[in-house]
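Enquirer: Provided below: structure.cif, containing mmCIF, C-alpha atoms and all ligand atoms.
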data_coords
#
loop_
_atom_site.label_atom_id
_atom_site.label_comp_id
_atom_site.auth_asym_id
_atom_site.auth_seq_id
_atom_site.Cartn_x
_atom_site.Cartn_y
_atom_site.Cartn_z
CA MET L 1 -9.86 10.43 -24.52
CA HIS L 2 -7.86 12.41 -22.01
CA THR L 3 -6.78 9.42 -20.00
CA ARG L 4 -3.18 9.22 -21.17
CA SER L 5 -2.31 12.86 -20.91
CA SER L 6 -1.36 14.52 -17.67
CA SER L 7 -3.25 17.69 -18.34
CA ILE L 8 -6.96 18.41 -18.22
CA ASN L 9 -8.05 21.74 -19.67
CA GLY L 10 -4.46 22.88 -19.52
CA GLU L 11 -4.10 22.03 -15.84
CA SER L 12 -1.23 19.90 -14.62
CA ILE L 13 0.32 18.87 -11.32
CA GLU L 14 4.01 18.21 -10.85
CA PRO L 15 5.71 16.39 -7.98
CA ALA L 16 7.25 18.60 -5.26
CA PHE L 17 10.30 16.32 -5.26
CA ILE L 18 11.41 12.76 -6.03
CA ASP L 19 12.35 10.60 -3.05
CA ASN L 20 14.54 7.64 -4.08
CA GLY L 21 12.61 7.26 -7.33
CA VAL L 22 9.21 7.91 -5.78
CA PRO L 23 7.42 11.13 -6.85
CA VAL L 24 6.13 13.03 -3.83
CA PHE L 25 3.20 15.43 -4.26
CA LYS L 26 2.32 18.29 -1.94
CA PRO L 27 -0.96 19.56 -3.40
CA THR L 28 -2.63 22.80 -2.40
CA MET L 29 -6.17 22.44 -1.02
CA ASP L 30 -7.40 23.58 -4.42
CA GLN L 31 -5.52 20.81 -6.27
CA PHE L 32 -6.40 18.25 -3.58
CA GLN L 33 -10.16 18.89 -3.55
CA ASP L 34 -11.05 16.63 -6.49
CA PHE L 35 -9.65 13.11 -5.96
CA TYR L 36 -10.69 11.77 -9.36
CA LYS L 37 -9.21 14.66 -11.30
CA PHE L 38 -6.03 14.83 -9.18
CA ASN L 39 -5.35 11.18 -9.92
CA GLN L 40 -5.73 11.64 -13.64
CA LEU L 41 -3.34 14.57 -13.49
CA ILE L 42 -0.59 12.67 -11.66
CA ASN L 43 -1.19 9.34 -13.44
CA LYS L 44 1.83 9.41 -15.74
CA TYR L 45 4.24 9.85 -12.80
CA GLY L 46 2.75 6.96 -10.87
CA LEU L 47 2.64 4.59 -13.83
CA GLU L 48 6.34 5.23 -14.36
CA SER L 49 7.52 4.77 -10.77
CA GLY L 50 4.98 2.19 -9.53
CA ILE L 51 3.95 4.20 -6.48
CA VAL L 52 3.67 7.87 -5.45
CA ARG L 53 3.46 9.54 -2.04
CA VAL L 54 0.95 12.32 -1.42
CA ILE L 55 1.36 14.73 1.49
CA PRO L 56 -2.07 16.26 1.97
CA PRO L 57 -2.50 19.94 2.85
CA LYS L 58 -2.34 20.61 6.60
CA GLU L 59 -5.86 22.00 6.41
CA TRP L 60 -7.16 18.58 5.35
CA VAL L 61 -5.18 16.66 8.00
CA ASP L 62 -6.58 19.04 10.62
CA SER L 63 -10.10 18.53 9.27
CA ILE L 64 -10.01 14.76 9.85
CA SER L 65 -8.80 14.98 13.46
CA SER L 66 -12.50 14.74 14.36
CA CYS L 67 -12.38 11.09 13.21
CA TYR L 68 -10.16 10.00 16.09
CA THR L 69 -12.65 10.20 18.93
CA LYS L 70 -12.53 7.57 21.64
CA GLU L 71 -15.86 6.29 20.43
CA ASN L 72 -14.76 5.91 16.81
CA LEU L 73 -11.44 4.30 17.75
CA SER L 74 -13.22 1.84 20.02
CA LYS L 75 -15.08 0.46 16.98
CA VAL L 76 -11.88 -0.87 15.42
CA ASN L 77 -11.97 -4.63 15.67
CA ILE L 78 -8.95 -6.55 14.42
CA LYS L 79 -10.14 -10.06 13.68
CA ASN L 80 -7.93 -13.07 13.02
CA PRO L 81 -4.60 -11.33 12.41
CA ILE L 82 -2.01 -13.32 10.51
CA VAL L 83 1.18 -14.67 12.02
CA GLN L 84 3.82 -14.40 9.32
CA GLN L 85 6.26 -17.28 9.22
CA ILE L 86 9.13 -16.27 6.99
CA ASN L 87 11.66 -18.74 5.64
CA ARG L 88 14.86 -17.92 3.82
CA THR L 89 15.19 -19.80 0.54
CA GLY L 90 18.33 -18.04 -0.67
CA HIS L 91 20.49 -14.99 -0.13
CA GLY L 92 17.98 -12.12 0.16
CA VAL L 93 15.16 -14.43 -0.94
CA PHE L 94 12.32 -15.44 1.36
CA GLN L 95 8.97 -17.16 1.33
CA GLN L 96 6.20 -16.33 3.73
CA GLN L 97 3.49 -18.48 5.24
CA ASN L 98 0.47 -16.88 6.80
CA VAL L 99 -1.22 -18.54 9.74
CA GLU L 100 -4.38 -16.99 11.12
CA ARG L 101 -4.56 -16.44 14.85
CA ALA L 102 -8.19 -17.03 15.84
CA ARG L 103 -8.58 -14.03 18.13
CA LYS L 104 -9.80 -10.49 17.98
CA TYR L 105 -8.20 -7.35 19.33
CA ASN L 106 -9.41 -3.82 19.90
CA LEU L 107 -6.88 -1.05 19.26
CA GLU L 108 -5.74 -0.88 22.88
CA GLN L 109 -5.11 -4.61 22.96
CA TRP L 110 -3.30 -4.39 19.63
CA LYS L 111 -1.05 -1.65 20.93
CA GLU L 112 -0.29 -3.75 23.98
CA LEU L 113 0.44 -6.74 21.74
CA SER L 114 2.77 -4.63 19.59
CA ARG L 115 5.04 -4.13 22.62
CA HIS L 116 6.01 -7.78 22.32
CA TYR L 117 7.24 -7.08 18.80
CA GLU L 118 9.25 -3.92 19.39
CA PRO L 119 12.07 -2.92 17.04
CA PRO L 120 15.67 -3.13 18.29
CA LYS L 121 16.96 -0.24 20.38
CA LYS L 122 18.85 2.52 18.69
CA ARG L 123 22.63 2.39 18.50
CA LYS L 124 23.66 5.59 20.18
CA ARG L 125 27.01 6.98 19.11
CA SER L 126 26.92 10.73 19.51
CA HIS L 127 25.61 12.99 22.24
CA ASP L 128 22.76 14.14 19.99
CA GLU L 129 21.74 10.56 19.41
CA MET L 130 21.86 9.89 23.16
CA MET L 131 19.38 12.72 23.59
CA SER L 132 16.99 11.61 20.86
CA ASN L 133 14.10 9.31 21.38
CA ASP L 134 13.71 5.79 19.94
CA THR L 135 10.27 6.66 18.63
CA GLU L 136 11.57 9.43 16.40
CA TYR L 137 11.70 7.99 12.93
CA THR L 138 14.46 10.00 11.34
CA VAL L 139 15.74 8.79 7.97
CA GLU L 140 18.89 7.48 9.71
CA ARG L 141 16.86 5.58 12.31
CA CYS L 142 14.69 4.06 9.57
CA GLU L 143 17.79 3.02 7.61
CA GLU L 144 19.18 1.33 10.71
CA LEU L 145 15.89 -0.50 11.24
CA GLU L 146 15.62 -1.39 7.56
CA ARG L 147 19.00 -3.16 7.75
CA ALA L 148 17.81 -4.92 10.92
CA TYR L 149 14.60 -5.97 9.14
CA TRP L 150 16.35 -7.73 6.26
CA LYS L 151 18.87 -9.33 8.65
CA SER L 152 16.40 -10.64 11.21
CA LEU L 153 13.37 -11.41 9.08
CA THR L 154 13.43 -15.09 9.91
CA TYR L 155 14.31 -14.76 13.61
CA SER L 156 10.83 -14.04 14.90
CA GLU L 157 7.33 -14.17 13.49
CA PRO L 158 5.63 -10.80 13.12
CA ILE L 159 1.85 -10.49 13.25
CA TYR L 160 -0.29 -8.36 10.92
CA GLY L 161 -3.86 -7.23 11.47
CA ALA L 162 -4.40 -7.07 7.72
CA ASP L 163 -7.64 -6.99 5.77
CA THR L 164 -9.87 -5.88 8.66
CA GLU L 165 -13.15 -4.53 7.29
CA GLY L 166 -13.89 -1.02 8.45
CA SER L 167 -12.94 2.64 8.22
CA LEU L 168 -11.84 5.37 10.58
CA PHE L 169 -13.18 8.11 8.31
CA THR L 170 -16.49 9.44 9.49
CA ASN L 171 -19.20 9.86 6.88
CA ASP L 172 -19.07 13.68 7.03
CA ILE L 173 -15.57 13.69 5.49
CA ASN L 174 -16.14 14.24 1.79
CA CYS L 175 -12.62 14.84 0.56
CA TRP L 176 -10.21 11.89 0.12
CA ASN L 177 -12.34 9.75 2.43
CA VAL L 178 -10.82 6.33 1.69
CA ALA L 179 -14.18 4.68 2.43
CA LYS L 180 -15.97 6.66 -0.29
CA LEU L 181 -13.58 7.85 -2.98
CA PRO L 182 -15.38 8.96 -6.14
CA ASN L 183 -14.12 6.60 -8.86
CA ILE L 184 -15.09 4.05 -11.50
CA LEU L 185 -15.51 1.20 -8.99
CA ASP L 186 -18.59 3.03 -7.65
CA LEU L 187 -20.32 1.58 -10.71
CA MET L 188 -19.80 -1.99 -9.50
CA GLU L 189 -22.97 -3.82 -8.59
CA GLU L 190 -21.34 -5.92 -5.90
CA GLN L 191 -19.35 -4.86 -2.85
CA ILE L 192 -16.01 -6.60 -2.46
CA PRO L 193 -14.22 -5.99 0.86
CA GLY L 194 -10.81 -4.41 0.34
CA VAL L 195 -11.56 -3.73 -3.34
CA ASN L 196 -14.41 -1.23 -3.29
CA ASN L 197 -14.87 -1.37 0.49
CA ALA L 198 -12.14 -0.05 2.79
CA TYR L 199 -9.90 -2.28 4.86
CA LEU L 200 -7.93 -1.36 7.98
CA TYR L 201 -4.38 -2.59 8.56
CA ALA L 202 -2.94 -2.76 12.07
CA GLY L 203 0.83 -3.10 12.06
CA VAL L 204 3.65 -4.03 14.41
CA TRP L 205 7.41 -3.98 13.83
CA LYS L 206 8.28 -6.18 10.81
CA ALA L 207 4.64 -6.84 9.77
CA THR L 208 5.19 -7.44 6.08
CA PHE L 209 3.43 -7.03 2.73
CA ALA L 210 5.13 -9.19 0.12
CA TRP L 211 5.69 -8.28 -3.56
CA HIS L 212 2.40 -7.97 -5.44
CA LEU L 213 0.15 -6.14 -7.85
CA GLU L 214 -3.43 -5.31 -6.92
CA ASP L 215 -6.36 -7.57 -7.76
CA GLN L 216 -7.38 -7.04 -11.39
CA ASP L 217 -4.35 -4.71 -11.64
CA LEU L 218 -6.31 -1.89 -10.05
CA TYR L 219 -4.93 1.23 -8.39
CA SER L 220 -4.76 1.26 -4.60
CA ILE L 221 -4.55 3.99 -2.00
CA ASN L 222 -3.23 3.65 1.53
CA TYR L 223 -3.65 6.29 4.24
CA LEU L 224 -1.55 6.02 7.40
CA HIS L 225 -3.86 7.26 10.17
CA PHE L 226 -1.32 7.13 12.98
CA GLY L 227 1.68 5.37 14.42
CA ALA L 228 5.06 4.32 13.08
CA PRO L 229 5.91 4.70 9.37
CA LYS L 230 5.69 2.05 6.67
CA GLN L 231 8.62 1.26 4.42
CA TRP L 232 7.60 0.94 0.76
CA TYR L 233 9.45 -0.52 -2.24
CA SER L 234 8.29 -0.36 -5.86
CA ILE L 235 9.50 -1.49 -9.26
CA PRO L 236 9.30 1.02 -12.12
CA GLN L 237 6.92 -0.09 -14.86
CA SER L 238 9.80 -0.24 -17.36
CA GLN L 239 11.25 -3.13 -15.35
CA SER L 240 8.08 -4.96 -14.34
CA GLU L 241 8.68 -7.74 -16.86
CA GLU L 242 12.30 -8.24 -15.83
CA PHE L 243 11.15 -8.32 -12.22
CA PHE L 244 8.49 -10.92 -12.95
CA ASN L 245 10.95 -13.07 -14.89
CA LEU L 246 13.42 -12.96 -12.03
CA MET L 247 10.74 -13.97 -9.53
CA LYS L 248 9.68 -16.75 -11.89
CA ASP L 249 13.25 -18.07 -11.94
CA LEU L 250 13.53 -17.85 -8.16
CA PHE L 251 10.23 -19.60 -7.48
CA THR L 252 9.99 -22.01 -10.42
CA ASP L 253 7.72 -24.59 -8.79
CA GLU L 254 5.28 -21.97 -7.58
CA TYR L 255 5.16 -20.44 -11.07
CA LYS L 256 4.52 -23.83 -12.67
CA ASN L 257 1.69 -24.33 -10.23
CA CYS L 258 0.12 -20.89 -10.81
CA SER L 259 1.27 -18.38 -13.42
CA GLN L 260 -0.17 -15.66 -11.15
CA PHE L 261 1.77 -16.84 -8.08
CA LEU L 262 2.72 -13.30 -7.00
CA ARG L 263 -0.96 -12.68 -6.31
CA HIS L 264 -0.54 -15.06 -3.36
CA LYS L 265 1.48 -12.28 -1.65
CA THR L 266 3.97 -14.64 -0.06
CA PHE L 267 7.25 -13.95 -1.92
CA LEU L 268 9.92 -11.63 -0.56
CA VAL L 269 13.12 -10.47 -2.17
CA SER L 270 15.38 -7.80 -0.69
CA PRO L 271 16.04 -4.55 -2.54
CA GLN L 272 19.77 -5.31 -2.34
CA TYR L 273 19.29 -8.61 -4.13
CA LEU L 274 17.16 -6.96 -6.82
CA LYS L 275 19.73 -4.21 -7.37
CA LYS L 276 22.43 -6.85 -7.81
CA LYS L 277 20.27 -8.39 -10.52
CA GLY L 278 20.03 -5.03 -12.28
CA ILE L 279 16.52 -4.13 -11.16
CA THR L 280 15.82 -0.62 -9.92
CA VAL L 281 13.96 -0.51 -6.62
CA ASN L 282 12.27 2.78 -5.78
CA HIS L 283 11.71 3.31 -2.07
CA THR L 284 10.15 5.76 0.32
CA ILE L 285 9.13 6.12 3.95
CA HIS L 286 5.37 6.56 4.39
CA ARG L 287 4.63 8.60 7.50
CA GLN L 288 1.42 9.18 9.46
CA GLY L 289 -0.92 11.65 7.79
CA GLU L 290 0.31 10.73 4.29
CA PHE L 291 -1.02 8.67 1.36
CA ILE L 292 0.69 6.12 -0.86
CA ILE L 293 -0.95 5.37 -4.21
CA THR L 294 0.00 2.22 -6.14
CA TYR L 295 -0.37 1.80 -9.90
CA PRO L 296 -1.15 -0.93 -12.42
CA TYR L 297 2.10 -2.79 -13.32
CA GLY L 298 3.75 -1.26 -10.25
CA TYR L 299 4.94 -4.20 -8.17
CA HIS L 300 5.22 -3.13 -4.55
CA ALA L 301 6.19 -4.51 -1.14
CA GLY L 302 7.19 -3.27 2.29
CA PHE L 303 6.89 -3.50 6.03
CA ASN L 304 5.86 -1.58 9.15
CA TYR L 305 8.31 0.04 11.55
CA ASP L 306 6.15 -0.48 14.68
CA TYR L 307 2.57 -0.11 15.93
CA ASN L 308 0.40 1.78 13.44
CA LEU L 309 -3.00 1.85 11.75
CA ALA L 310 -3.61 2.35 8.04
CA GLU L 311 -6.65 2.27 5.77
CA SER L 312 -6.67 1.11 2.19
CA VAL L 313 -8.92 0.45 -0.80
CA ASN L 314 -8.65 -0.12 -4.55
CA PHE L 315 -9.88 2.36 -7.13
CA ALA L 316 -9.92 2.98 -10.88
CA ILE L 317 -9.66 5.92 -13.25
CA PRO L 318 -10.47 5.69 -16.99
CA SER L 319 -6.96 4.59 -18.06
CA TRP L 320 -7.45 1.40 -16.01
CA PHE L 321 -9.78 -0.04 -18.70
CA ASP L 322 -6.78 -0.52 -21.03
CA VAL L 323 -5.02 -2.49 -18.30
CA ALA L 324 -8.00 -4.54 -17.14
CA ASP L 325 -8.37 -6.35 -20.47
CA SER L 326 -5.01 -8.05 -20.22
CA THR L 327 -5.19 -8.95 -16.51
CA GLU L 328 -4.84 -12.61 -15.66
CA ASN L 329 -6.37 -13.93 -12.49
CA CYS L 330 -5.13 -16.49 -10.02
CA HIS L 331 -7.36 -19.53 -10.06
CA CYS L 332 -5.79 -21.53 -7.28
CA ILE L 333 -7.13 -19.35 -4.46
CA PRO L 334 -10.85 -20.10 -4.11
CA ASP L 335 -11.86 -16.56 -3.09
CA ALA L 336 -9.68 -14.76 -5.65
CA VAL L 337 -11.23 -11.48 -6.73
CA ASN L 338 -12.91 -11.34 -10.12
CA ILE L 339 -14.36 -8.08 -11.36
CA ASN L 340 -16.82 -7.91 -14.23
CA VAL L 341 -14.84 -5.51 -16.42
CA GLU L 342 -17.24 -5.60 -19.37
CA GLN L 343 -20.20 -4.65 -17.21
CA LEU L 344 -18.17 -1.79 -15.70
CA ARG L 345 -17.01 -0.54 -19.10
CA LYS L 346 -20.56 -0.52 -20.41
CA LYS L 347 -21.86 1.40 -17.40
CA TYR L 348 -18.98 3.85 -17.62
CA LYS L 349 -19.69 4.54 -21.29
CA ASP L 350 -23.43 4.86 -20.71
CA TYR L 351 -23.01 7.32 -17.86
CA SER L 352 -20.05 9.33 -19.03
CA ASN L 353 -21.87 10.42 -22.19
CA LYS L 354 -24.57 12.03 -20.09
CA VAL L 355 -23.03 13.47 -16.97
CA ASP L 356 -19.81 14.53 -15.36
CA LEU L 357 -19.49 11.25 -13.53
CA PHE L 358 -17.50 11.76 -10.39
NI NI L 401 -0.86 -3.42 -2.55
#
Could you spell out this file's structure in structure tokens?
Expert:
Amino acid sequence: MHTRSSSINGESIEPAFIDNGVPVFKPTMDQFQDFYKFNQLINKYGLESGIVRVIPPKEWVDSISSCYTKENLSKVNIKNPIVQQINRTGHGVFQQQNVERARKYNLEQWKELSRHYEPPKKRKRSHDEMMSNDTEYTVERCEELERAYWKSLTYSEPIYGADTEGSLFTNDINCWNVAKLPNILDLMEEQIPGVNNAYLYAGVWKATFAWHLEDQDLYSINYLHFGAPKQWYSIPQSQSEEFFNLMKDLFTDEYKNCSQFLRHKTFLVSPQYLKKKGITVNHTIHRQGEFIITYPYGYHAGFNYDYNLAESVNFAIPSWFDVADSTENCHCIPDAVNINVEQLRKKYKDYSNKVDLF
């Protein structure tokens, strides 16, 4: 088994730098080429930090510009976005209620809608700041908005075009095409939207994803096609139990009702609160043209800085099989995802003896 090591045939890939606890990779086209292998090579870093950021080679970003034709963009159909009602239940502690808005939007309409949710104007102190534009997401500007986010979370209800089936990648893209990533979930007999079929996510300012792990504790990948950045938070694996115990104490009734209550994706706790409780929160700004990968045991959460469009899917590499056995599912949501792990493991073993699978 080579699943636990970070080297295959003596090859290894190291992060270019660490951004607030999050390893950031800047692979060459040669390293980037093979998604399945790349992910095995960087696995140990991601498992440790919960998430990683991948800045693809410019060559690749250029190669997918062909996906953003008027025709392709016009196919995006955001159905029943969710209005996010967020209530404060304590200092830095919030609970979210999702209410579907029975309407559909094309991208143009979504962009127009996002104008009603715009982030606060920049505080301009110096001449340089007077000259700069509000749509430039410098680290300082993002920090200002991040403070505004946690302060004003309950003041207005953001809307999120989450879980929209579809992909912006055209079928001719064969490298890191989120809609067809070579991985173990290809062996599944059924197609589950968002799990082994790509989902699009249309954001506005403050559109939120609450603390969660992936269904069946899978990996996930998120590509930001265009628009404003996403703020991400993650808990290092070494503190995932402490984090869960803290959440359990904060939301006792919900835990009693469902031991897998975080799978409901409705519980928010600020990084400041977590730090006060001794929990490390890694964080990074995810910009357009970049990937975030999330890992088993890596609790993550975040929000969008303004209008944007992202694409996401789950995936698995061999080391996931160790994780999958101890996953518990939520049984109180009727359509909760349940993957047949035994069937997958058997197929994987059958195939991997014969051929180089992916
Ligand atoms: Ni996620």
Enquirer: Would you name the residues within 9 Å of ligand NI 401 (chain L), counting all atoms listed in the file, and put them as a list of chain:residue names?
Expert: L:Phe209, L:Ala210, L:Trp211, L:His212, L:Leu213, L:Glu214, L:Asp215, L:Tyr219, L:Ser220, L:Ile221, L:Asn222, L:Ile293, L:Thr294, L:Tyr299, L:His300, L:Ala301, L:Ser312, L:Asn314
Enquirer: Could you check how far atom CA of Leu344 of chain L sits from atom CA of Asn196 of chain L, in Å to one decimal?
Expert: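 These atoms are spaced 13.0 Å apart.
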Enquirer: Rounded to one decimal in Å, what is the spacing between atom CA of Lys206 of chain L and atom CA of Gln272 of chain L?
Expert: 17.5 Å
Enquirer: Sorted by chain and rising residue number, list the residues of segment 243-329 of chain L at most 10 Å from segment 89-97 of chain L (counting all atoms listed in the file), each with its closest atom pair and distance in Å to one decimal, as JSON lines.
Expert:
{"residue": "L:Met247", "atom": "CA", "partner": "L:Val93", "partner_atom": "CA", "distance": 9.7}
{"residue": "L:Leu250", "atom": "CA", "partner": "L:Val93", "partner_atom": "CA", "distance": 8.2}
{"residue": "L:Phe251", "atom": "CA", "partner": "L:Gln95", "partner_atom": "CA", "distance": 9.2}
{"residue": "L:His264", "atom": "CA", "partner": "L:Gln96", "partner_atom": "CA", "distance": 9.9}
{"residue": "L:Lys265", "atom": "CA", "partner": "L:Gln96", "partner_atom": "CA", "distance": 8.2}
{"residue": "L:Thr266", "atom": "CA", "partner": "L:Gln96", "partner_atom": "CA", "distance": 4.7}
{"residue": "L:Phe267", "atom": "CA", "partner": "L:Gln95", "partner_atom": "CA", "distance": 4.9}
{"residue": "L:Leu268", "atom": "CA", "partner": "L:Phe94", "partner_atom": "CA", "distance": 4.9}
{"residue": "L:Val269", "atom": "CA", "partner": "L:Val93", "partner_atom": "CA", "distance": 4.6}
{"residue": "L:Ser270", "atom": "CA", "partner": "L:Gly92", "partner_atom": "CA", "distance": 5.1}
{"residue": "L:Pro271", "atom": "CA", "partner": "L:Gly92", "partner_atom": "CA", "distance": 8.3}
{"residue": "L:Gln272", "atom": "CA", "partner": "L:Gly92", "partner_atom": "CA", "distance": 7.5}
{"residue": "L:Tyr273", "atom": "CA", "partner": "L:Gly92", "partner_atom": "CA", "distance": 5.7}
{"residue": "L:Leu274", "atom": "CA", "partner": "L:Gly92", "partner_atom": "CA", "distance": 8.7}
Enquirer: Looking at L:Val195, L:Cys332, L:Glu241, L:Arg53, which one is nearest to Glu290 of chain L, with distances taken over only C-alpha atoms?
Expert: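 Looking at the shortest contact to Glu290 of chain L, the residue is L:Arg53.
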Enquirer: Please, what distance in Å, to one decimal, runs between atom CA of Thr28 of chain L and atom CA of Ile13 of chain L?
Expert: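 A separation of 10.2 Å between them.
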Enquirer: Up to 8 Å from (5.1, -7.5, 8.5) in the file's coordinates: name the residues, counting only C-alpha atoms, as a PyMOL selection string.
Expert: chain L and resi 84+158-160+203-209+302-304
Enquirer: L:His331, L:Asn43, L:Phe226, L:Pro236: which is nearest Ser259 of chain L, counting only C-alpha atoms?
Expert: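 Counting only C-alpha atoms, the residue closest to Ser259 of chain L is L:His331.
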Enquirer: Taking all atoms listed in the file into account, name the residue in L:Phe25, L:Ile192, L:Ile64, L:Ala16 that is nearest to Asp172 of chain L.
Expert: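 Closest to Asp172 of chain L of all the choices is L:Ile64.
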Enquirer: Choose the residue, out of L:Pro193, L:Lys248, L:Tyr307, L:Gln85, that has the smallest atom-to-atom separation from Arg115 of chain L; count all atoms listed in the file.
Expert: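 Ranked by minimum distance to Arg115 of chain L, first place goes to L:Tyr307.
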Enquirer: Which polymer residues have any atom within 10 Å of an atom of segment 68-74 of chain L, counting all atoms listed in the file, with same-chain residues fewer than 2 positions away left out, as a VMD selection string?
Expert: chain L and resid 64 to 66 76 to 77 106 to 108 167 to 170 225 to 226
Enquirer: Can you list, as an mmCIF file with C-alpha atoms, in the coordinates of the input, every protein, DNA or RNA residue that comes within 9 Å of Gly289 of chain L when you count all atoms listed in the file, leaving out same-chain residues fewer than 3 positions away?
Expert:
data_model
loop_
_atom_site.group_PDB
_atom_site.id
_atom_site.type_symbol
_atom_site.label_atom_id
_atom_site.label_comp_id
_atom_site.auth_asym_id
_atom_site.auth_seq_id
_atom_site.Cartn_x
_atom_site.Cartn_y
_atom_site.Cartn_z
ATOM 1 C CA ILE L 55 1.360 14.730 1.490
ATOM 2 C CA PRO L 56 -2.070 16.260 1.970
ATOM 3 C CA VAL L 61 -5.180 16.660 8.000
ATOM 4 C CA TYR L 223 -3.650 6.290 4.240
ATOM 5 C CA LEU L 224 -1.550 6.020 7.400
ATOM 6 C CA HIS L 225 -3.860 7.260 10.170
ATOM 7 C CA PHE L 226 -1.320 7.130 12.980
ATOM 8 C CA HIS L 286 5.370 6.560 4.390
#
Enquirer: Rank L:Ala228, L:Cys142, L:Met29, L:Val323 by their smallest atom-to-atom distance to Ala202 of chain L, using only C-alpha atoms, and report the top residue only.
Expert: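 Among L:Ala228, L:Cys142, L:Met29, L:Val323, it is L:Ala228 that comes nearest to Ala202 of chain L.
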Enquirer: Counting only C-alpha atoms, which of L:Leu187, L:Leu181, L:Leu153, L:Ile317 gets nearest to Leu41 of chain L?
Expert: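 Checking each candidate against Leu41 of chain L, we get L:Ile317 as the closest.
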Enquirer: Do a neighbour search on Ser240 of chain L at 10 Å with only C-alpha atoms, toss out local chain neighbours closer than 6 positions, and write the hits as a CSV table (one decimal) with C-alpha atoms, in the frame of the given file.
Expert:
chain,number,residue,atom,x,y,z
L,50,GLY,CA,5.0,2.2,-9.5
L,234,SER,CA,8.3,-0.4,-5.9
L,246,LEU,CA,13.4,-13.0,-12.0
L,279,ILE,CA,16.5,-4.1,-11.2
L,280,THR,CA,15.8,-0.6,-9.9
L,297,TYR,CA,2.1,-2.8,-13.3
L,298,GLY,CA,3.8,-1.3,-10.2
L,299,TYR,CA,4.9,-4.2,-8.2
Enquirer: Near Pro229 of chain L, within 8 Å and counting all atoms listed in the file, which residues show up once chain neighbours fewer than 6 positions away are dropped, as a list in words?
Expert: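 Non-adjacent residues within range: Tyr137, Ile285, His286, Arg287, Gln288, Asn304, Tyr305, Asp306 and Asn308 of chain L.
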Enquirer: Could the residues in this selection be saved with C-alpha atoms as a PDB file, keeping the file's coordinate frame?
Expert:
ATOM      1  CA  TYR L 137      11.700   7.990  12.930  1.00  0.00           C
ATOM      2  CA  ILE L 285       9.130   6.120   3.950  1.00  0.00           C
ATOM      3  CA  HIS L 286       5.370   6.560   4.390  1.00  0.00           C
ATOM      4  CA  ARG L 287       4.630   8.600   7.500  1.00  0.00           C
ATOM      5  CA  GLN L 288       1.420   9.180   9.460  1.00  0.00           C
ATOM      6  CA  ASN L 304       5.860  -1.580   9.150  1.00  0.00           C
ATOM      7  CA  TYR L 305       8.310   0.040  11.550  1.00  0.00           C
ATOM      8  CA  ASP L 306       6.150  -0.480  14.680  1.00  0.00           C
ATOM      9  CA  ASN L 308       0.400   1.780  13.440  1.00  0.00           C
TER      10      ASN L 308
END
Enquirer: Please list as a list in words every residue within 12 Å of Leu357 of chain L, counting only C-alpha atoms and excluding residues in the same chain fewer than 2 positions away.
Expert: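 Here the answer would be Tyr36, Lys37, Pro182, Asn183, Ile184, Leu185, Asp186, Leu187, Ile317, Pro318, Lys347, Tyr348, Lys349, Asp350, Tyr351, Ser352, Asn353, Lys354 and Val355 of chain L.
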Enquirer: Would you save segment 243-262 of chain L to a file, keeping C-alpha atoms, as a compact mmCIF listing (two decimals), in the first residue's frame?
Expert:
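Resulting contents of decode-v6.txt:
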# COMPACT_ATOMS: atom_id res chain seq x y z
CA PHE L 243 -13.93 20.77 17.85
CA PHE L 244 -16.75 18.23 17.70
CA ASN L 245 -16.99 18.10 21.49
CA LEU L 246 -17.21 21.87 21.69
CA MET L 247 -19.98 21.95 19.07
CA LYS L 248 -21.75 19.17 20.95
CA ASP L 249 -21.68 21.28 24.13
CA LEU L 250 -22.90 24.36 22.28
CA PHE L 251 -25.77 22.58 20.54
CA THR L 252 -26.73 19.92 23.10
CA ASP L 253 -30.34 19.44 22.01
CA GLU L 254 -29.41 19.08 18.37
CA TYR L 255 -26.74 16.52 19.28
CA LYS L 256 -29.20 14.52 21.38
CA ASN L 257 -31.55 14.52 18.43
CA CYS L 258 -28.91 13.44 15.89
CA SER L 259 -25.33 12.46 16.74
CA GLN L 260 -24.40 13.56 13.19
CA PHE L 261 -25.99 17.01 13.57
CA LEU L 262 -23.09 18.83 11.88
